[in-house]
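Trainee: Sending over a structure as structure tokens; questions will come in a sec.
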Amino acid sequence: MTRLSLGAGLGPALLAPFIVAPLIIAIVILAGCASDTGIVRGGQTEAQLAEDRTQCLPFVQAHTETTPELAEAACLVNRGYRAPLPLAQGPAGIGSLYATANREASVIVADFQGCRVEALTTPMPENREKKGGSGIFSSFFGQMFPRGFFTKAQTPDQWALQTFAACLNRRGYTVSDVTPAR
């Protein structure tokens with residue numbers, strides 16, 4: 001029985017264009033659809049986004065009571081974009097989310113700042129579990145399935161991000177893509 005051979009190293013050389021070309025096309029398509037800032041455009045072009053960001057600069061500079069990222073996000077949300085709202089405490093990022101609403105930019109920035117302050121100052125709820133059970137079954141199940149057995153306890157950063165999202169929901173914003181920092 002003889003084997004059909006393309007020669008040493010000839011097979012991969014013939015298959016390379018069929019693998020590499022679609023990969024390059026996919027990368028080019030995906031790079032054209034994404035924005036490096038995380039701002040989602042609703043039909044606007046990259047040039048329109050750049051122009052809107054330039055027009056938002058005086059608004060950002062006028063609102064020194066909040067971070068530049070939150071002020072720019074408020075201005076862009078007012079213009080119909082879906083911009084990420086970062087939540088940070090000092091230099092440490094906690095996470096981000098997207099919020100949309102139809103309001104004036106100055107109202108949006110005040111809401112964002114108010115919810116940011118609320119999220120960073122609201123204390124986590126206390127765990128009021130008893131130390132020990134008061135019966136055969138409660139102490140048995142308490143020993144077999146200790147707290148955190150099925151779910152992990154929430155971290156302070158997760159609590160702050162959850163509080164930020166809940167505050168914006170209460171104020172009438174549509175909140176999505178709540179993402180903790182890594």
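Order determines the names: the first chain of the structure tokens is A, the second B, and so forth; residues in each chain are numbered 1 upward, and ligands are numbered 1 upward as they are shown.
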Range 55-115 of chain A near range 151-171 of chain A within 8 Å: what's each residue's closest atom pair and its distance in Å to one decimal, counting only C-alpha atoms, ordered by chain then ascending residue number, as a Markdown table?

Mentor:
| residue | atom | partner | partner_atom | distance |
| --- | --- | --- | --- | --- |
| A:Leu87 | CA | A:Leu161 | CA | 7.2 |
| A:Ile94 | CA | A:Asp157 | CA | 5.7 |
| A:Gly95 | CA | A:Leu161 | CA | 6.6 |
| A:Ser96 | CA | A:Leu161 | CA | 7.6 |
| A:Leu97 | CA | A:Ala165 | CA | 7.5 |
| A:Ala99 | CA | A:Leu168 | CA | 7.7 |
| A:Asp111 | CA | A:Leu168 | CA | 7.4 |
| A:Phe112 | CA | A:Leu168 | CA | 7.4 |
| A:Cys115 | CA | A:Phe164 | CA | 5.6 |

Trainee: Could those residues be written to a file, using N, CA and C atoms, as a short mmCIF file (atom, residue, chain, number, x, y, z; two decimals), in the first residue's frame?

Mentor:
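Resulting contents of result06.cif:
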data_model
loop_
_atom_site.label_atom_id
_atom_site.label_comp_id
_atom_site.auth_asym_id
_atom_site.auth_seq_id
_atom_site.Cartn_x
_atom_site.Cartn_y
_atom_site.Cartn_z
N LEU A 87 -16.84 53.12 38.09
CA LEU A 87 -16.94 53.38 39.53
C LEU A 87 -15.59 53.04 40.12
N ILE A 94 -13.43 49.84 40.63
CA ILE A 94 -14.33 48.85 41.24
C ILE A 94 -15.09 48.11 40.15
N GLY A 95 -15.50 48.83 39.11
CA GLY A 95 -16.24 48.22 38.02
C GLY A 95 -16.88 49.28 37.15
N SER A 96 -17.74 48.84 36.25
CA SER A 96 -18.42 49.79 35.38
C SER A 96 -19.77 49.22 34.99
N LEU A 97 -20.61 50.11 34.47
CA LEU A 97 -21.92 49.72 33.97
C LEU A 97 -22.33 50.69 32.89
N ALA A 99 -25.60 53.00 31.46
CA ALA A 99 -26.90 53.56 31.82
C ALA A 99 -27.36 54.48 30.70
N ASP A 111 -27.10 63.10 38.89
CA ASP A 111 -27.55 61.76 39.29
C ASP A 111 -26.39 60.79 39.38
N PHE A 112 -25.50 60.82 38.39
CA PHE A 112 -24.34 59.92 38.41
C PHE A 112 -23.48 60.17 39.64
N CYS A 115 -25.32 59.05 42.89
CA CYS A 115 -25.31 57.59 43.04
C CYS A 115 -23.91 57.07 43.33
#

Trainee: Using only C-alpha atoms, which protein or nucleic acid residues come within 10 Å of Pro84 in chain A? Drop anything in the same chain fewer than 3 positions from it, and give the result as JSON, numbers by chain.

Mentor: {"A": [37, 38, 39, 40, 69, 70, 72, 73, 74, 76, 77, 81, 87, 95, 96, 97, 98, 99, 100, 176, 177, 178, 179]}
